[in-house]
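Okay, start20.txt now, which holds compact mmCIF, N, CA and C atoms:
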```txt
# COMPACT_ATOMS: atom_id res chain seq x y z
N MET A 1 -11.72 -47.98 1.99
CA MET A 1 -12.24 -47.21 0.88
C MET A 1 -11.76 -47.88 -0.41
N ASN A 2 -12.71 -48.16 -1.29
CA ASN A 2 -12.34 -48.84 -2.54
C ASN A 2 -11.93 -47.82 -3.60
N LYS A 3 -11.50 -48.34 -4.75
CA LYS A 3 -10.99 -47.48 -5.83
C LYS A 3 -12.06 -46.53 -6.36
N ALA A 4 -13.30 -47.01 -6.47
CA ALA A 4 -14.39 -46.17 -6.99
C ALA A 4 -14.63 -44.98 -6.07
N GLU A 5 -14.61 -45.21 -4.75
CA GLU A 5 -14.82 -44.12 -3.80
C GLU A 5 -13.67 -43.10 -3.87
N LYS A 6 -12.44 -43.60 -3.99
CA LYS A 6 -11.28 -42.71 -4.11
C LYS A 6 -11.37 -41.88 -5.39
N LEU A 7 -11.81 -42.53 -6.47
CA LEU A 7 -11.95 -41.84 -7.73
C LEU A 7 -13.01 -40.74 -7.64
N LEU A 8 -14.13 -41.05 -6.99
CA LEU A 8 -15.19 -40.04 -6.82
C LEU A 8 -14.70 -38.85 -5.99
N ILE A 9 -13.95 -39.13 -4.93
CA ILE A 9 -13.40 -38.06 -4.09
C ILE A 9 -12.43 -37.21 -4.91
N GLY A 10 -11.61 -37.87 -5.72
CA GLY A 10 -10.67 -37.15 -6.58
C GLY A 10 -11.40 -36.26 -7.58
N ILE A 11 -12.46 -36.78 -8.17
CA ILE A 11 -13.24 -36.01 -9.14
C ILE A 11 -13.90 -34.81 -8.46
N GLU A 12 -14.44 -35.02 -7.26
CA GLU A 12 -15.04 -33.92 -6.51
C GLU A 12 -14.01 -32.83 -6.22
N ASN A 13 -12.80 -33.24 -5.85
CA ASN A 13 -11.74 -32.26 -5.57
C ASN A 13 -11.38 -31.47 -6.83
N VAL A 14 -11.26 -32.15 -7.95
CA VAL A 14 -10.93 -31.47 -9.21
C VAL A 14 -12.04 -30.49 -9.58
N LEU A 15 -13.28 -30.90 -9.44
CA LEU A 15 -14.40 -30.02 -9.76
C LEU A 15 -14.44 -28.80 -8.84
N GLN A 16 -14.11 -29.00 -7.58
CA GLN A 16 -14.07 -27.88 -6.63
C GLN A 16 -12.98 -26.88 -7.03
N ILE A 17 -11.82 -27.39 -7.37
CA ILE A 17 -10.71 -26.52 -7.78
C ILE A 17 -11.08 -25.79 -9.07
N ALA A 18 -11.69 -26.50 -10.02
CA ALA A 18 -12.10 -25.88 -11.28
C ALA A 18 -13.11 -24.76 -11.02
N SER A 19 -14.02 -25.00 -10.12
CA SER A 19 -15.01 -23.99 -9.77
C SER A 19 -14.34 -22.76 -9.15
N GLU A 20 -13.40 -22.97 -8.27
CA GLU A 20 -12.68 -21.87 -7.63
C GLU A 20 -11.87 -21.08 -8.67
N LEU A 21 -11.25 -21.80 -9.62
CA LEU A 21 -10.49 -21.12 -10.67
C LEU A 21 -11.41 -20.29 -11.56
N PHE A 22 -12.56 -20.83 -11.87
CA PHE A 22 -13.53 -20.09 -12.69
C PHE A 22 -13.94 -18.81 -11.97
N ASP A 23 -14.24 -18.91 -10.68
CA ASP A 23 -14.62 -17.73 -9.90
C ASP A 23 -13.48 -16.71 -9.86
N GLU A 24 -12.24 -17.20 -9.73
CA GLU A 24 -11.09 -16.29 -9.69
C GLU A 24 -10.90 -15.59 -11.03
N VAL A 25 -11.08 -16.30 -12.12
CA VAL A 25 -10.96 -15.69 -13.45
C VAL A 25 -12.02 -14.61 -13.62
N GLU A 26 -13.23 -14.86 -13.19
CA GLU A 26 -14.30 -13.85 -13.28
C GLU A 26 -13.96 -12.63 -12.43
N ARG A 27 -13.42 -12.86 -11.25
CA ARG A 27 -13.02 -11.75 -10.38
C ARG A 27 -11.91 -10.93 -11.04
N LEU A 28 -10.94 -11.61 -11.64
CA LEU A 28 -9.83 -10.92 -12.30
C LEU A 28 -10.31 -10.13 -13.52
N LYS A 29 -11.30 -10.65 -14.22
CA LYS A 29 -11.86 -9.90 -15.35
C LYS A 29 -12.49 -8.60 -14.86
N GLN A 30 -13.16 -8.64 -13.73
CA GLN A 30 -13.77 -7.43 -13.17
C GLN A 30 -12.69 -6.45 -12.72
N VAL A 31 -11.64 -6.96 -12.11
CA VAL A 31 -10.52 -6.10 -11.69
C VAL A 31 -9.89 -5.45 -12.91
N GLU A 32 -9.72 -6.22 -13.97
CA GLU A 32 -9.15 -5.69 -15.21
C GLU A 32 -10.03 -4.56 -15.77
N GLU A 33 -11.33 -4.76 -15.77
CA GLU A 33 -12.25 -3.74 -16.27
C GLU A 33 -12.19 -2.48 -15.39
N ASP A 34 -12.12 -2.67 -14.07
CA ASP A 34 -12.01 -1.53 -13.16
C ASP A 34 -10.71 -0.76 -13.41
N CYS A 35 -9.62 -1.48 -13.63
CA CYS A 35 -8.33 -0.84 -13.91
C CYS A 35 -8.39 -0.06 -15.22
N LYS A 36 -9.06 -0.62 -16.19
CA LYS A 36 -9.20 0.05 -17.49
C LYS A 36 -9.91 1.39 -17.31
N ILE A 37 -10.97 1.39 -16.55
CA ILE A 37 -11.73 2.62 -16.30
C ILE A 37 -10.88 3.64 -15.54
N LEU A 38 -10.14 3.18 -14.54
CA LEU A 38 -9.28 4.08 -13.77
C LEU A 38 -8.18 4.68 -14.63
N LYS A 39 -7.57 3.86 -15.50
CA LYS A 39 -6.53 4.37 -16.40
C LYS A 39 -7.09 5.44 -17.32
N GLU A 40 -8.28 5.20 -17.84
CA GLU A 40 -8.91 6.18 -18.72
C GLU A 40 -9.15 7.49 -17.98
N LYS A 41 -9.67 7.38 -16.76
CA LYS A 41 -9.94 8.59 -15.97
C LYS A 41 -8.66 9.35 -15.67
N LEU A 42 -7.61 8.64 -15.28
CA LEU A 42 -6.33 9.30 -15.00
C LEU A 42 -5.78 9.97 -16.24
N PHE A 43 -5.89 9.30 -17.36
CA PHE A 43 -5.40 9.85 -18.62
C PHE A 43 -6.15 11.13 -18.96
N LEU A 44 -7.46 11.09 -18.86
CA LEU A 44 -8.29 12.24 -19.24
C LEU A 44 -8.24 13.37 -18.22
N ASN A 45 -7.90 13.08 -16.97
CA ASN A 45 -7.86 14.11 -15.93
C ASN A 45 -6.77 15.14 -16.14
N GLN A 46 -5.82 14.86 -17.01
CA GLN A 46 -4.76 15.85 -17.26
C GLN A 46 -5.23 16.98 -18.17
N PHE A 47 -6.43 16.82 -18.74
CA PHE A 47 -6.97 17.82 -19.64
C PHE A 47 -8.01 18.69 -18.94
N THR A 48 -8.19 19.90 -19.47
CA THR A 48 -9.30 20.74 -19.02
C THR A 48 -10.59 20.12 -19.55
N ARG A 49 -11.71 20.59 -19.07
CA ARG A 49 -13.00 20.07 -19.54
C ARG A 49 -13.13 20.24 -21.06
N SER A 50 -12.76 21.41 -21.55
CA SER A 50 -12.85 21.67 -22.99
C SER A 50 -11.91 20.77 -23.79
N GLU A 51 -10.70 20.60 -23.29
CA GLU A 51 -9.76 19.71 -23.97
C GLU A 51 -10.27 18.27 -23.98
N ARG A 52 -10.88 17.87 -22.88
CA ARG A 52 -11.44 16.52 -22.79
C ARG A 52 -12.53 16.32 -23.83
N GLU A 53 -13.38 17.32 -24.01
CA GLU A 53 -14.43 17.24 -25.02
C GLU A 53 -13.83 17.08 -26.42
N VAL A 54 -12.81 17.87 -26.70
CA VAL A 54 -12.14 17.80 -28.00
C VAL A 54 -11.49 16.43 -28.17
N PHE A 55 -10.82 15.95 -27.13
CA PHE A 55 -10.13 14.66 -27.22
C PHE A 55 -11.13 13.52 -27.44
N GLU A 56 -12.24 13.56 -26.74
CA GLU A 56 -13.25 12.51 -26.91
C GLU A 56 -13.80 12.51 -28.34
N LEU A 57 -13.95 13.68 -28.94
CA LEU A 57 -14.39 13.74 -30.33
C LEU A 57 -13.29 13.25 -31.27
N ALA A 58 -12.03 13.50 -30.89
CA ALA A 58 -10.91 12.99 -31.68
C ALA A 58 -10.89 11.46 -31.64
N LEU A 59 -11.23 10.90 -30.49
CA LEU A 59 -11.31 9.44 -30.38
C LEU A 59 -12.36 8.87 -31.34
N ASP A 60 -13.39 9.66 -31.58
CA ASP A 60 -14.44 9.25 -32.52
C ASP A 60 -14.06 9.54 -33.98
N GLY A 61 -12.89 10.17 -34.17
CA GLY A 61 -12.40 10.42 -35.52
C GLY A 61 -12.90 11.69 -36.18
N LEU A 62 -13.45 12.61 -35.40
CA LEU A 62 -13.97 13.85 -35.98
C LEU A 62 -12.83 14.80 -36.35
N SER A 63 -13.03 15.54 -37.42
CA SER A 63 -12.06 16.55 -37.86
C SER A 63 -12.23 17.80 -36.99
N SER A 64 -11.27 18.71 -37.10
CA SER A 64 -11.35 19.98 -36.37
C SER A 64 -12.59 20.76 -36.76
N SER A 65 -12.93 20.73 -38.04
CA SER A 65 -14.12 21.45 -38.52
C SER A 65 -15.38 20.91 -37.88
N LYS A 66 -15.49 19.58 -37.85
CA LYS A 66 -16.68 18.96 -37.24
C LYS A 66 -16.72 19.22 -35.74
N MET A 67 -15.56 19.18 -35.10
CA MET A 67 -15.52 19.47 -33.66
C MET A 67 -16.02 20.88 -33.39
N ALA A 68 -15.54 21.83 -34.19
CA ALA A 68 -15.96 23.22 -34.02
C ALA A 68 -17.47 23.34 -34.19
N GLU A 69 -17.98 22.65 -35.17
CA GLU A 69 -19.42 22.67 -35.44
C GLU A 69 -20.20 22.07 -34.27
N TRP A 70 -19.76 20.93 -33.79
CA TRP A 70 -20.48 20.23 -32.71
C TRP A 70 -20.40 20.97 -31.38
N LEU A 71 -19.23 21.60 -31.14
CA LEU A 71 -19.01 22.26 -29.84
C LEU A 71 -19.33 23.75 -29.87
N PHE A 72 -19.76 24.25 -31.03
CA PHE A 72 -20.08 25.67 -31.19
C PHE A 72 -18.90 26.56 -30.82
N LYS A 73 -17.73 26.20 -31.37
CA LYS A 73 -16.50 26.96 -31.13
C LYS A 73 -15.86 27.31 -32.46
N GLU A 74 -14.98 28.27 -32.40
CA GLU A 74 -14.20 28.63 -33.59
C GLU A 74 -13.20 27.50 -33.89
N ARG A 75 -12.93 27.32 -35.16
CA ARG A 75 -11.98 26.28 -35.56
C ARG A 75 -10.60 26.55 -34.95
N SER A 76 -10.24 27.83 -34.83
CA SER A 76 -8.94 28.19 -34.24
C SER A 76 -8.87 27.77 -32.76
N THR A 77 -10.00 27.86 -32.06
CA THR A 77 -10.05 27.42 -30.66
C THR A 77 -9.82 25.92 -30.57
N ILE A 78 -10.48 25.18 -31.45
CA ILE A 78 -10.32 23.72 -31.48
C ILE A 78 -8.87 23.38 -31.79
N SER A 79 -8.28 24.06 -32.77
CA SER A 79 -6.88 23.81 -33.14
C SER A 79 -5.95 24.06 -31.96
N GLN A 80 -6.20 25.12 -31.22
CA GLN A 80 -5.36 25.42 -30.05
C GLN A 80 -5.53 24.34 -28.98
N GLN A 81 -6.74 23.92 -28.76
CA GLN A 81 -6.97 22.87 -27.76
C GLN A 81 -6.31 21.56 -28.17
N ARG A 82 -6.35 21.25 -29.46
CA ARG A 82 -5.66 20.05 -29.95
C ARG A 82 -4.16 20.17 -29.73
N LYS A 83 -3.60 21.36 -29.97
CA LYS A 83 -2.17 21.58 -29.73
C LYS A 83 -1.84 21.41 -28.25
N ASP A 84 -2.71 21.94 -27.39
CA ASP A 84 -2.50 21.83 -25.95
C ASP A 84 -2.53 20.36 -25.50
N ILE A 85 -3.45 19.60 -26.07
CA ILE A 85 -3.54 18.17 -25.76
C ILE A 85 -2.25 17.47 -26.16
N CYS A 86 -1.78 17.75 -27.36
CA CYS A 86 -0.56 17.12 -27.87
C CYS A 86 0.64 17.49 -27.00
N LYS A 87 0.71 18.75 -26.59
CA LYS A 87 1.81 19.20 -25.73
C LYS A 87 1.80 18.45 -24.40
N LYS A 88 0.62 18.32 -23.80
CA LYS A 88 0.51 17.62 -22.51
C LYS A 88 0.91 16.16 -22.63
N LEU A 89 0.65 15.55 -23.78
CA LEU A 89 0.96 14.14 -23.97
C LEU A 89 2.35 13.91 -24.57
N GLY A 90 2.98 14.99 -25.01
CA GLY A 90 4.31 14.86 -25.60
C GLY A 90 4.29 14.15 -26.95
N VAL A 91 3.25 14.45 -27.73
CA VAL A 91 3.12 13.85 -29.07
C VAL A 91 3.07 14.95 -30.12
N LYS A 92 3.25 14.54 -31.38
CA LYS A 92 3.30 15.51 -32.48
C LYS A 92 1.94 15.93 -33.00
N ASN A 93 0.98 15.02 -32.95
CA ASN A 93 -0.34 15.34 -33.51
C ASN A 93 -1.44 14.57 -32.78
N ILE A 94 -2.66 14.90 -33.12
CA ILE A 94 -3.81 14.31 -32.40
C ILE A 94 -3.93 12.82 -32.68
N LYS A 95 -3.49 12.37 -33.86
CA LYS A 95 -3.52 10.93 -34.15
C LYS A 95 -2.63 10.16 -33.18
N GLU A 96 -1.45 10.72 -32.91
CA GLU A 96 -0.56 10.09 -31.93
C GLU A 96 -1.17 10.11 -30.53
N ALA A 97 -1.87 11.19 -30.20
CA ALA A 97 -2.53 11.29 -28.90
C ALA A 97 -3.59 10.20 -28.75
N VAL A 98 -4.37 10.02 -29.81
CA VAL A 98 -5.41 8.98 -29.79
C VAL A 98 -4.75 7.61 -29.66
N GLN A 99 -3.67 7.38 -30.40
CA GLN A 99 -2.99 6.09 -30.32
C GLN A 99 -2.42 5.85 -28.93
N LYS A 100 -1.91 6.90 -28.31
CA LYS A 100 -1.38 6.77 -26.95
C LYS A 100 -2.48 6.32 -25.98
N PHE A 101 -3.66 6.89 -26.15
CA PHE A 101 -4.80 6.50 -25.31
C PHE A 101 -5.16 5.04 -25.56
N LYS A 102 -5.22 4.65 -26.82
CA LYS A 102 -5.57 3.26 -27.16
C LYS A 102 -4.51 2.29 -26.65
N ASN A 103 -3.26 2.72 -26.62
CA ASN A 103 -2.17 1.85 -26.14
C ASN A 103 -2.27 1.55 -24.65
N LEU A 104 -2.99 2.38 -23.91
CA LEU A 104 -3.20 2.09 -22.48
C LEU A 104 -3.73 0.69 -22.29
N HIS A 105 -4.71 0.34 -23.12
CA HIS A 105 -5.38 -0.95 -22.97
C HIS A 105 -4.61 -2.08 -23.65
N GLU A 106 -3.99 -1.79 -24.76
CA GLU A 106 -3.23 -2.83 -25.45
C GLU A 106 -2.07 -3.30 -24.60
N LYS A 107 -1.37 -2.37 -23.96
CA LYS A 107 -0.24 -2.72 -23.11
C LYS A 107 -0.70 -3.57 -21.93
N ALA A 108 -1.81 -3.18 -21.31
CA ALA A 108 -2.34 -3.94 -20.18
C ALA A 108 -2.74 -5.35 -20.62
N GLN A 109 -3.38 -5.46 -21.79
CA GLN A 109 -3.79 -6.78 -22.29
C GLN A 109 -2.57 -7.66 -22.54
N GLN A 110 -1.50 -7.10 -23.12
CA GLN A 110 -0.30 -7.87 -23.39
C GLN A 110 0.32 -8.38 -22.09
N GLU A 111 0.35 -7.53 -21.08
CA GLU A 111 0.92 -7.93 -19.79
C GLU A 111 0.11 -9.06 -19.17
N ILE A 112 -1.20 -8.98 -19.26
CA ILE A 112 -2.05 -10.01 -18.68
C ILE A 112 -1.86 -11.33 -19.41
N HIS A 113 -1.81 -11.28 -20.73
CA HIS A 113 -1.71 -12.51 -21.51
C HIS A 113 -0.32 -13.13 -21.45
N GLN A 114 0.66 -12.38 -20.99
CA GLN A 114 2.00 -12.93 -20.83
C GLN A 114 2.15 -13.71 -19.53
N GLU A 115 1.20 -13.52 -18.62
CA GLU A 115 1.23 -14.25 -17.36
C GLU A 115 1.09 -15.75 -17.64
N SER A 116 1.87 -16.53 -16.94
CA SER A 116 1.79 -17.98 -17.16
C SER A 116 0.59 -18.55 -16.42
N PRO A 117 0.05 -19.67 -16.91
CA PRO A 117 -1.08 -20.31 -16.21
C PRO A 117 -0.71 -20.69 -14.78
N GLN A 118 0.56 -21.02 -14.53
CA GLN A 118 0.99 -21.39 -13.18
C GLN A 118 0.79 -20.23 -12.21
N LYS A 119 1.09 -19.01 -12.66
CA LYS A 119 0.91 -17.85 -11.79
C LYS A 119 -0.56 -17.64 -11.46
N LEU A 120 -1.44 -17.89 -12.41
CA LEU A 120 -2.87 -17.73 -12.16
C LEU A 120 -3.36 -18.72 -11.12
N VAL A 121 -2.83 -19.92 -11.14
CA VAL A 121 -3.25 -20.95 -10.20
C VAL A 121 -2.82 -20.58 -8.79
N ASN A 122 -1.68 -19.94 -8.64
CA ASN A 122 -1.13 -19.64 -7.31
C ASN A 122 -1.69 -18.35 -6.71
N ILE A 123 -2.62 -17.69 -7.33
CA ILE A 123 -3.14 -16.39 -6.87
C ILE A 123 -3.88 -16.50 -5.54
N SER A 124 -4.63 -17.54 -5.33
CA SER A 124 -5.49 -17.64 -4.16
C SER A 124 -4.76 -17.64 -2.88
```
Let me see whether you can do it: turn the structure in this file into structure tokens.
Amino acid sequence: MNKAEKLLIGIENVLQIASELFDEVERLKQVEEDCKILKEKLFLNQFTRSEREVFELALDGLSSSKMAEWLFKERSTISQQRKDICKKLGVKNIKEAVQKFKNLHEKAQQEIHQESPQKLVNIS
């Protein structure tokens, strides 16, 4: 086998490994997205249906008045549900609750990006 043939075999091997790594990265992206969805569901499952509705509107930045208007509830009911949400999450206010929810994904992203490239190569 001459040098050109060895070089071609080497290039084919590198391309095969690159292809496998690309496929693995795509698979890991899907796993990451699935985990994100599961974390959100687990987070929201601690609330009643009504609290979940209020929290989802809080994520959109709506005030208590707007929430009451949209959900056809008294403002006092919305305020109580917001307090209940905060109590369940151990936070002082709804802004902290929203930030806690957003931190679910930021923390996961930081952990993923801290992984070394060597660890990604050894996954298979």
Can you list every residue in region 32-123 of chain A that DSSP puts in alpha helix (DSSP H), as an MDAnalysis selection string?
chainID A and resid 32:44 49:59 64:71 75:89 94:114 117:121
How big is the axis-aligned box around the listed atoms of region 35-39 of chain A once 4 Å is added on each side, and where is its centre? Give both in Å to one decimal, as AutoDock Vina command-line options.
```
--center_x -9.1 --center_y 2.0 --center_z -15.6 --size_x 13.2 --size_y 14.9 --size_z 11.9
```
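Atom C of Phe43 (chain A) lies 9.0 Å from atom C of Phe101 (chain A).
Of note, CA of Lys102 (chain A) and CA of Glu40 (chain A) are spaced 9.5 Å apart.
With distances taken over all atoms listed in the file, A:Glu51 is the one residue among A:Glu32, A:Glu51, A:Glu20, A:Glu56 lying closest to Asp84 (chain A).
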Atomic distance CA of Gln30 (chain A) - CA of Gln16 (chain A), expressed in Å with one decimal
21.5 Å
